[in-house]
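Chemist: Let me give you the structure first, and then I'll get to my questions.
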Amino acid sequence: MIRVGVVGTGMIGQDHIHRITNVLKGAQVTAVNDVDEQRARQACAKEHLDAEVYESGIDLIQAPDVDAVIVTSWGPTHEEFVLAAIEADKPVFCEKPLAVTAEGCKRIVEAELQKEKQYVQVGYMRRYDKGYKALKKLVDEGQVGEPLVVHCAHRAPSAPNFSEDMPLTDSFPHEIDTLRWLLDDEFVSAQVVLPRKTSHSSIQDPHIILLETEKGTRIDAEIFVNCQYGYDIHCEIIGEQGIANLPEPASVLMRKQAKRTNEILVDWKERFLEAYDKEIQEWIDSVQAGKVTGPSAWDGYKVALTVEACVEAKSSREIIAVHKQEIPSLYAASDKLLKE
Ligand code: NAD
Ligand code: ISE
């Protein structure tokens, strides 16, 4: 049994504690920490967990009876906790973002390179969604031919606590990671187009992001975090031979009062429920096997570089180059394995 310590027992920390305790196999949460100690205690009580509540995340990470760490605290704290886990030679699952700046992600990459070992998995759960996996399989098999254009939409009903750039820094990273993985390609430039603003928010919303890849594929992504009507994710790949769409979540088609209707989900937790379970189960299995898999620190770094290009593109209204970086051999090897 892997003894897991969780740093940050807010919304998604509690979700991961719940799935480890009640749904998944091979691990138990034995230690928790939150700056709000009361919240950490409540998170344990909710799951009837007899875990130790630590006063500091660093003490939890260094504790000899913690085998592996989950970081689900506030984004700006991730870098410190992930670096401490690497220093303590412990596998670490870090919710997105890996760090809030590309520089911070690079420091984590450098820490792994120094140890010549990967410790980090980043919480890009869409790679575990069965719809996205089916789409990737089809693209990898060449069934629609080479991808030429991709249309994406990421819509959420409301995001009352979002500050101005959070649609780019908090929501869009999921598309950035998924598209690199789906297309097996890297971004070279980003442009952000600002449409008319919704009256349902004080921030700019929606955004349209245009990305170009090394192979020349063009992507347009609409990020609309106050769309009102539901949580709705789309991805359509236009290839040389055909078009492939991300499947819609299963929902009953109802005919009633002269209308045909399908329910639309309203919550990301529900939309990606199975994907989160698979993601954390595979992390537990990889910890047991002694080899971390899944989205790596390198992937987290590449996402951060693209996010920074998007934020600059938004403020400058220019097309901004995404910094090109050679993949270090430590990551190239595991990247190849993941694709096989
Ligand atoms: P939240 O605000 O509900 O929880 C964050 C918790 O971290 C809070 O309880 C807070 O007290 C705690 N915290 C802050 N600083 C801390 C510190 N120094 N040490 C210990 N605890 C600290 O937020 P959330 O929605 O649970 O998000 C947490 C992270 O997960 C964010 O980075 C977010 O982007 C990510 N997230 C990912 C997904 C996904 O789909 N993969 C979904 C939601 C959130
Ligand atoms: C949130 O932080 C997430 O990570 C969700 O998965 C995402 O869909 C949502 O838009 C983000 O705000």
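Chain lettering (A, B, ...) mirrors the order of the structure tokens, residue numbering begins at 1 for each chain separately, and ligand numbering begins at 1 in order of display.
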Neighbouring residues of Val71 in chain A were defined as those with any atom within 10 Å, considering only C-alpha atoms; residues of the same chain fewer than 6 positions away were excluded. Please report them as a PyMOL selection string.
Modeler: chain A and resi 5-9+12-13+33+57+61+77-79+81-82+85+92-96+98+122-123
Chemist: Filtering to N, CA, C and O atoms, could you give me those residues as an mmCIF file, in the first residue's frame?
Modeler:
```cif
data_model
loop_
_atom_site.group_PDB
_atom_site.id
_atom_site.type_symbol
_atom_site.label_atom_id
_atom_site.label_comp_id
_atom_site.auth_asym_id
_atom_site.auth_seq_id
_atom_site.Cartn_x
_atom_site.Cartn_y
_atom_site.Cartn_z
ATOM 1 N N GLY A 5 0.681 11.417 0.896
ATOM 2 C CA GLY A 5 0.462 12.668 1.620
ATOM 3 C C GLY A 5 -0.122 13.690 0.661
ATOM 4 O O GLY A 5 0.374 13.844 -0.464
ATOM 5 N N VAL A 6 -1.188 14.377 1.083
ATOM 6 C CA VAL A 6 -1.847 15.364 0.215
ATOM 7 C C VAL A 6 -1.630 16.763 0.777
ATOM 8 O O VAL A 6 -1.994 17.045 1.921
ATOM 9 N N VAL A 7 -1.030 17.634 -0.045
ATOM 10 C CA VAL A 7 -0.818 19.028 0.357
ATOM 11 C C VAL A 7 -1.861 19.885 -0.358
ATOM 12 O O VAL A 7 -1.838 19.995 -1.593
ATOM 13 N N GLY A 8 -2.788 20.456 0.408
ATOM 14 C CA GLY A 8 -3.860 21.262 -0.180
ATOM 15 C C GLY A 8 -5.140 20.452 -0.216
ATOM 16 O O GLY A 8 -5.313 19.585 -1.068
ATOM 17 N N THR A 9 -6.030 20.718 0.739
ATOM 18 C CA THR A 9 -7.259 19.916 0.836
ATOM 19 C C THR A 9 -8.484 20.764 0.482
ATOM 20 O O THR A 9 -9.484 20.760 1.201
ATOM 21 N N ILE A 12 -10.263 20.143 -5.257
ATOM 22 C CA ILE A 12 -9.785 18.961 -5.987
ATOM 23 C C ILE A 12 -8.948 18.054 -5.084
ATOM 24 O O ILE A 12 -8.923 16.842 -5.281
ATOM 25 N N GLY A 13 -8.321 18.629 -4.052
ATOM 26 C CA GLY A 13 -7.604 17.800 -3.079
ATOM 27 C C GLY A 13 -8.575 16.842 -2.414
ATOM 28 O O GLY A 13 -8.309 15.639 -2.283
ATOM 29 N N ASN A 33 -2.189 18.146 4.615
ATOM 30 C CA ASN A 33 -1.808 19.477 5.094
ATOM 31 C C ASN A 33 -2.603 20.509 4.304
ATOM 32 O O ASN A 33 -2.887 20.322 3.129
ATOM 33 N N GLY A 57 3.433 21.870 4.712
ATOM 34 C CA GLY A 57 3.512 20.974 3.554
ATOM 35 C C GLY A 57 4.903 20.361 3.437
ATOM 36 O O GLY A 57 5.054 19.186 3.075
ATOM 37 N N ILE A 61 6.000 16.413 3.335
ATOM 38 C CA ILE A 61 6.765 15.823 2.216
ATOM 39 C C ILE A 61 7.998 15.083 2.748
ATOM 40 O O ILE A 61 8.362 14.018 2.252
ATOM 41 N N THR A 77 1.942 27.870 -5.057
ATOM 42 C CA THR A 77 2.725 27.091 -4.084
ATOM 43 C C THR A 77 3.280 25.799 -4.692
ATOM 44 O O THR A 77 4.083 25.108 -4.054
ATOM 45 N N HIS A 78 2.855 25.457 -5.903
ATOM 46 C CA HIS A 78 3.205 24.145 -6.459
ATOM 47 C C HIS A 78 4.716 23.953 -6.601
ATOM 48 O O HIS A 78 5.251 22.892 -6.272
ATOM 49 N N GLU A 79 5.390 24.985 -7.113
ATOM 50 C CA GLU A 79 6.829 24.831 -7.391
ATOM 51 C C GLU A 79 7.589 24.417 -6.131
ATOM 52 O O GLU A 79 8.378 23.462 -6.144
ATOM 53 N N PHE A 81 6.570 22.948 -3.414
ATOM 54 C CA PHE A 81 6.262 21.597 -2.926
ATOM 55 C C PHE A 81 6.821 20.519 -3.864
ATOM 56 O O PHE A 81 7.303 19.483 -3.404
ATOM 57 N N VAL A 82 6.746 20.782 -5.154
ATOM 58 C CA VAL A 82 7.261 19.777 -6.103
ATOM 59 C C VAL A 82 8.785 19.671 -5.951
ATOM 60 O O VAL A 82 9.344 18.562 -5.917
ATOM 61 N N ALA A 85 9.584 17.639 -2.959
ATOM 62 C CA ALA A 85 9.362 16.195 -3.156
ATOM 63 C C ALA A 85 10.530 15.590 -3.936
ATOM 64 O O ALA A 85 11.005 14.506 -3.603
ATOM 65 N N VAL A 92 5.771 12.582 -7.142
ATOM 66 C CA VAL A 92 4.819 13.639 -6.809
ATOM 67 C C VAL A 92 3.846 13.845 -7.961
ATOM 68 O O VAL A 92 4.257 14.017 -9.108
ATOM 69 N N PHE A 93 2.561 13.798 -7.616
ATOM 70 C CA PHE A 93 1.514 14.142 -8.575
ATOM 71 C C PHE A 93 1.155 15.590 -8.279
ATOM 72 O O PHE A 93 0.736 15.917 -7.161
ATOM 73 N N CYS A 94 1.315 16.472 -9.277
ATOM 74 C CA CYS A 94 1.022 17.892 -9.056
ATOM 75 C C CYS A 94 -0.131 18.307 -9.948
ATOM 76 O O CYS A 94 -0.069 18.135 -11.168
ATOM 77 N N GLU A 95 -1.175 18.856 -9.341
ATOM 78 C CA GLU A 95 -2.263 19.389 -10.157
ATOM 79 C C GLU A 95 -1.703 20.523 -11.022
ATOM 80 O O GLU A 95 -0.700 21.137 -10.698
ATOM 81 N N LYS A 96 -2.376 20.774 -12.141
ATOM 82 C CA LYS A 96 -1.964 21.882 -12.979
ATOM 83 C C LYS A 96 -2.167 23.196 -12.225
ATOM 84 O O LYS A 96 -3.089 23.256 -11.408
ATOM 85 N N LEU A 98 2.031 23.163 -13.231
ATOM 86 C CA LEU A 98 3.216 22.650 -12.541
ATOM 87 C C LEU A 98 3.848 23.778 -11.716
ATOM 88 O O LEU A 98 4.283 23.575 -10.579
ATOM 89 N N VAL A 122 2.043 15.594 -13.939
ATOM 90 C CA VAL A 122 1.205 16.799 -13.857
ATOM 91 C C VAL A 122 -0.245 16.418 -14.182
ATOM 92 O O VAL A 122 -0.497 15.566 -15.034
ATOM 93 N N GLY A 123 -1.180 17.068 -13.516
ATOM 94 C CA GLY A 123 -2.594 16.682 -13.573
ATOM 95 C C GLY A 123 -3.348 17.085 -14.830
ATOM 96 O O GLY A 123 -4.413 17.705 -14.732
#
```
Chemist: For range 156-168 of chain A, list every protein, DNA or RNA residue within 9 Å, evaluated using only C-alpha atoms, and leave out those in the same chain fewer than 2 positions away; present the list as an NGL selection string.
Modeler: :A and (154 or 170-173 or 200-207 or 209 or 223-233 or 266-268 or 307-308 or 310-311 or 314)
Chemist: Which of these residues is nearest to ligand 2, using only C-alpha atoms and all ligand atoms: A:Ala333, A:Val109, A:Met11, A:Val188?
Modeler: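 Under the stated criterion, the closest residue is A:Met11.
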Chemist: Extract, using only C-alpha atoms, all DNA, RNA and protein residues at most 10 Å from Pro76 in chain A, discarding same-chain residues fewer than 4 positions from it, and format them as a list in words.
Modeler: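 Close residues of Pro76 in chain A: Glu80, Pro97, Leu98, Ala99, Val100, Thr101 and Gly104 of chain A.
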Chemist: Here is a test: counting only C-alpha atoms and all ligand atoms, which residue of A:Asp184, A:Glu222, A:Glu55, A:Glu47 is nearest to ligand 2?
Modeler: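 When distances to ligand 2 are compared using only C-alpha atoms and all ligand atoms, the smallest one comes from A:Glu222.
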Chemist: So that I can see what lies close to His16 in chain A, please list as a ChimeraX atom specification the residues with an atom at most 10 Å from it, counting only C-alpha atoms and leaving out residues fewer than 2 positions away in the same chain.
Modeler: /A:6,9,11-14,18-24,29,70,72,276-277,280
